[in-house]
Every structure is written in structure tokens, then in C-alpha cells.
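> Structure below; questions to follow.
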Amino acid sequence: MKKIGKLDKPDNHGTAEIFKHPILEKLTKTHVGIPIVLFLLLAGFLLYRAWFYSHLPVGMGILYFLAGYLAFTLTEYLMHRYFYHMNPIQKWKKNIQYSVHGIHHDYPKDKKRLAMPPMLSVGYAVALYYLFSFLIAEQVNYFLPGFLSGYASYLGIHYIIHAFPPPKGLFKVLWVNHAIHHYKDPDVAFGVSTPLWDHVFGTSPKK
């Protein structure tokens, strides 16, 4: 199995220390519910603005919302595959890769590190607002809520997959694929919230 973290095999009971300073170390952890609530509140605020101040027809607004959600699922896949699983040569890149994702592969059951700390994630959300505003103007008030809702659903699904046993039925594939990614082959099953892009780009686990 290709090594993503530093351990020879995943530790389902431990955690890792990133900073020696206790306050900095605490800032690297969060309960997954905090960013989910923050992103859904921000999405709701933007939709409120869109409803009362946008001149875009509601039907088009819904399409932009769905496009934003789909855009997040693609972003999730690409980030996971090409950034989180990069093969860095320089030491500083190795440290970044380990801090943002390798540590999760070493300690996959560490529930406080299943989401990006709120200070960072809110900063990214603000940056995305200005980026999308530049690209699509007032449509950002529909598109970004879709994108943020996609992120919130990803966080919830990722947490549930690591915290609870797999259900029966349609959603079981998400549990099975993510378990394969963590414990058998980290070069497949990069999609967490949906297997769509793994099918599109040929990284689905072999049957």
C-alpha cells in the first residue's frame, strides 16, 4: 500500500500533534458541526440577498445553485487527487501535504481533524466570494451557496463515514469506497460525497 502518512498502517485510536504550543494545537482541531453550521448560515444569507436584490429569474438562480453544488464535487475530487495526494520532493511540501491530509490517513478516526479549522475555511469562503463575484457578478449569490452547501454536505458525509458503520442500500458504496481508499489503495476512490468523478476519470475501485 502506498504511504500517504508517516505510519506503516493507520492508527484508528490515536491522534497526532502538529504544534507544541497548546493554543496553536487546539486551533488545528474542530468539531465538524461548527464549519457545517457556518457554511450553511453563509449560504442562507447569500440566498436571502439573491431573493430580494438579484434581478436573475428564480429558475436561473436554481440552475446556478445546482451548478455551484456540482462544481464543489468536482473541486473536492481534484483537490483530493492532485493536492492532498501529491508526491512532494521538497521537505516543506511534504510538511504541508502531511498537515492537510497525511495526518488524516495516519489517524482516520480522529474526529476533531475531519474538517478544516473554521478560521481557515471561512477565509477560503470569503476569497471564493470575491473570485466568483469577479467571474459571474451577481450570480454569485446563487452559485456560491450551492458550492458551500456542497462543502457542508461533504463534511457531514465524511464525518458520518468515519464515525458510523455503513448503512444498507444506496449509500453503502460511499462507505466501501472510502474504506478502500484508506485501508487498501489510496490511489482510487477520491470522491467522498459522490462517486461520480471517480467514474468519469477512471479512478473507481476495481470490483
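Numbering starts fresh at 1 for the residues of each chain in the C-alpha cells, the chains themselves are lettered A, B, ... in the order given, and ligands are numbered from 1 as they appear.
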Among range 21-106 of chain A, which residues carry a DSSP assignment of alpha helix (DSSP H), reported as a ChimeraX atom specification?
/A:22-27,33-53,58-78,91-97,103-106
> Please identify all polymer residues within 10 Å of Gln139 in chain A, counting only C-alpha atoms, omitting same-chain residues fewer than 3 positions from it, and present them as a CSV table (one decimal) with C-alpha atoms, in the first residue's frame.

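out.csv was written with the following content:
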```csv
chain,number,residue,atom,x,y,z
A,50,ALA,CA,-30.3,36.8,-4.0
A,54,SER,CA,-31.0,39.9,-7.6
A,55,HIS,CA,-32.6,40.5,-10.9
A,56,LEU,CA,-31.9,36.9,-12.1
A,60,MET,CA,-31.9,30.5,-13.5
A,61,GLY,CA,-30.9,31.0,-9.9
A,64,TYR,CA,-26.7,28.4,-10.7
A,65,PHE,CA,-27.2,26.9,-7.3
A,132,PHE,CA,-16.9,34.2,-8.1
A,133,SER,CA,-18.2,37.8,-7.9
A,135,LEU,CA,-16.3,35.9,-12.7
A,136,ILE,CA,-20.1,35.8,-12.7
A,142,TYR,CA,-26.9,31.6,-6.1
A,143,PHE,CA,-23.7,29.9,-7.2
A,144,LEU,CA,-21.7,30.2,-4.0
```
> Tell me, as a PyMOL selection string, which residues lie within 8 Å of Ala189 in chain A, counting only C-alpha atoms; anything in the same chain fewer than 6 positions away does not count.
chain A and resi 177-178+180-181+195+198+203-205
> Could those residues be written to a file, using N, CA, C and O atoms, as a PDB file, in the first residue's frame?

```
ATOM      1  N   ASN A 177     -16.183   2.580  -0.654  1.00  0.00           N
ATOM      2  CA  ASN A 177     -15.151   3.254  -1.441  1.00  0.00           C
ATOM      3  C   ASN A 177     -14.137   3.969  -0.554  1.00  0.00           C
ATOM      4  O   ASN A 177     -12.924   3.915  -0.802  1.00  0.00           O
ATOM      5  N   HIS A 178     -14.621   4.636   0.490  1.00  0.00           N
ATOM      6  CA  HIS A 178     -13.703   5.389   1.346  1.00  0.00           C
ATOM      7  C   HIS A 178     -12.838   4.446   2.190  1.00  0.00           C
ATOM      8  O   HIS A 178     -11.677   4.755   2.468  1.00  0.00           O
ATOM      9  N   ILE A 180     -11.816   1.512   1.156  1.00  0.00           N
ATOM     10  CA  ILE A 180     -10.806   1.043   0.202  1.00  0.00           C
ATOM     11  C   ILE A 180      -9.707   2.094   0.050  1.00  0.00           C
ATOM     12  O   ILE A 180      -8.514   1.782   0.033  1.00  0.00           O
ATOM     13  N   HIS A 181     -10.113   3.366  -0.042  1.00  0.00           N
ATOM     14  CA  HIS A 181      -9.149   4.452  -0.192  1.00  0.00           C
ATOM     15  C   HIS A 181      -8.194   4.529   0.998  1.00  0.00           C
ATOM     16  O   HIS A 181      -6.994   4.766   0.830  1.00  0.00           O
ATOM     17  N   PRO A 195     -19.461   9.277  -5.924  1.00  0.00           N
ATOM     18  CA  PRO A 195     -18.506   8.517  -6.746  1.00  0.00           C
ATOM     19  C   PRO A 195     -18.496   8.971  -8.207  1.00  0.00           C
ATOM     20  O   PRO A 195     -17.815   8.373  -9.034  1.00  0.00           O
ATOM     21  N   ASP A 198     -15.048   9.810  -9.875  1.00  0.00           N
ATOM     22  CA  ASP A 198     -14.205   8.615  -9.987  1.00  0.00           C
ATOM     23  C   ASP A 198     -14.600   7.803 -11.220  1.00  0.00           C
ATOM     24  O   ASP A 198     -13.736   7.254 -11.913  1.00  0.00           O
ATOM     25  N   THR A 203     -11.035   6.375 -11.773  1.00  0.00           N
ATOM     26  CA  THR A 203     -10.362   6.042 -10.510  1.00  0.00           C
ATOM     27  C   THR A 203     -11.284   5.303  -9.542  1.00  0.00           C
ATOM     28  O   THR A 203     -11.048   5.307  -8.335  1.00  0.00           O
ATOM     29  N   SER A 204     -12.319   4.697 -10.072  1.00  0.00           N
ATOM     30  CA  SER A 204     -13.201   3.885  -9.225  1.00  0.00           C
ATOM     31  C   SER A 204     -12.460   2.630  -8.789  1.00  0.00           C
ATOM     32  O   SER A 204     -11.633   2.084  -9.534  1.00  0.00           O
ATOM     33  N   PRO A 205     -12.739   2.125  -7.568  1.00  0.00           N
ATOM     34  CA  PRO A 205     -12.118   0.871  -7.136  1.00  0.00           C
ATOM     35  C   PRO A 205     -12.525  -0.283  -8.048  1.00  0.00           C
ATOM     36  O   PRO A 205     -13.647  -0.317  -8.554  1.00  0.00           O
TER      37      PRO A 205
END
```
> Which range 102-130 of chain A residues have any atom within 12 Å of an atom of range 183-188 of chain A, and for each, what is the nearest pair of atoms with distance in Å to one decimal, counting only C-alpha atoms, rows sorted by chain and number, as JSON lines?

```
{"residue": "A:Gly102", "atom": "CA", "partner": "A:Pro186", "partner_atom": "CA", "distance": 11.0}
{"residue": "A:His105", "atom": "CA", "partner": "A:Tyr183", "partner_atom": "CA", "distance": 8.8}
{"residue": "A:Asp106", "atom": "CA", "partner": "A:Tyr183", "partner_atom": "CA", "distance": 10.3}
{"residue": "A:Tyr107", "atom": "CA", "partner": "A:Tyr183", "partner_atom": "CA", "distance": 11.5}
{"residue": "A:Pro108", "atom": "CA", "partner": "A:Tyr183", "partner_atom": "CA", "distance": 9.8}
```
> When you count only C-alpha atoms, which of these residues is closest to Trp197 in chain A: A:Met116, A:Met86, A:Pro57, A:Tyr77?
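Checking each of A:Met116, A:Met86, A:Pro57, A:Tyr77 against Trp197 in chain A, counting only C-alpha atoms, the winner is A:Tyr77.
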> Which residues of range 102-172 of chain A have any atom within 12 Å of an atom in range 27-42 of chain A when counting only C-alpha atoms, and what is the closest pair of atoms for each, with the distance in Å to one decimal? Order the rows by chain and rising number and write it as a tab-separated table.

```
residue	atom	partner	partner_atom	distance
A:Ile103	CA	A:Thr28	CA	11.5
A:His104	CA	A:Lys29	CA	11.8
A:Asp110	CA	A:Lys29	CA	9.6
A:Lys111	CA	A:His31	CA	7.3
A:Lys112	CA	A:Thr30	CA	5.0
A:Arg113	CA	A:Lys29	CA	5.4
A:Leu114	CA	A:Val32	CA	6.7
A:Ala115	CA	A:Val32	CA	5.7
A:Met116	CA	A:Thr30	CA	7.5
A:Pro117	CA	A:Thr30	CA	5.7
A:Pro118	CA	A:Pro35	CA	5.6
A:Met119	CA	A:Leu27	CA	8.4
A:Leu120	CA	A:Thr28	CA	9.6
A:Ser121	CA	A:Pro35	CA	7.5
A:Val122	CA	A:Phe39	CA	8.0
A:Gly123	CA	A:Phe39	CA	11.4
A:Tyr124	CA	A:Phe39	CA	11.0
A:Ala125	CA	A:Phe39	CA	8.2
A:Val126	CA	A:Leu42	CA	10.0
A:Tyr129	CA	A:Leu42	CA	10.6
A:Asn141	CA	A:Leu42	CA	10.3
A:Tyr142	CA	A:Leu42	CA	11.6
A:Leu144	CA	A:Leu42	CA	9.3
A:Pro145	CA	A:Leu42	CA	7.4
A:Gly146	CA	A:Leu40	CA	9.8
A:Phe147	CA	A:Phe39	CA	9.6
A:Leu148	CA	A:Phe39	CA	5.8
A:Ser149	CA	A:Leu40	CA	6.3
A:Gly150	CA	A:Phe39	CA	9.6
A:Tyr151	CA	A:Phe39	CA	7.9
A:Ala152	CA	A:Ile36	CA	4.9
A:Ser153	CA	A:Ile36	CA	7.8
A:Tyr154	CA	A:Ile36	CA	9.3
A:Leu155	CA	A:Val32	CA	6.8
A:Gly156	CA	A:Val32	CA	7.3
A:Ile157	CA	A:Val32	CA	10.4
A:His158	CA	A:Val32	CA	9.5
A:Tyr159	CA	A:Val32	CA	7.1
A:Ile160	CA	A:Val32	CA	10.1
A:His162	CA	A:Val32	CA	11.8
A:Ala163	CA	A:Val32	CA	11.4
```
> Would you mind reading off the distance between CA of Val140 in chain A and CA of Leu46 in chain A, one decimal, in Å?
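Atom-to-atom, CA of Val140 in chain A to CA of Leu46 in chain A, that is 8.3 Å.
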> Do you have the CA of Thr75 in chain A-CA of Gly191 in chain A distance handy?
9.8 Å
> What gap, in Å, lies between CA of Tyr84 in chain A and CA of Lys26 in chain A?
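Computing it gives 22.0 Å between the two atoms.
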> Using only C-alpha atoms, can you tell me which of A:Lys6, A:Leu128, A:Ala179, A:Glu138 comes closest to Phe72 in chain A?
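Smallest separation from Phe72 in chain A among the options: A:Leu128.
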> From the options A:Phe45, A:Phe19, A:Tyr53, A:Tyr98, which residue's atoms come nearest to Gly5 in chain A, counting only C-alpha atoms?
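Nearest candidate to Gly5 in chain A out of A:Phe45, A:Phe19, A:Tyr53, A:Tyr98: A:Tyr98.
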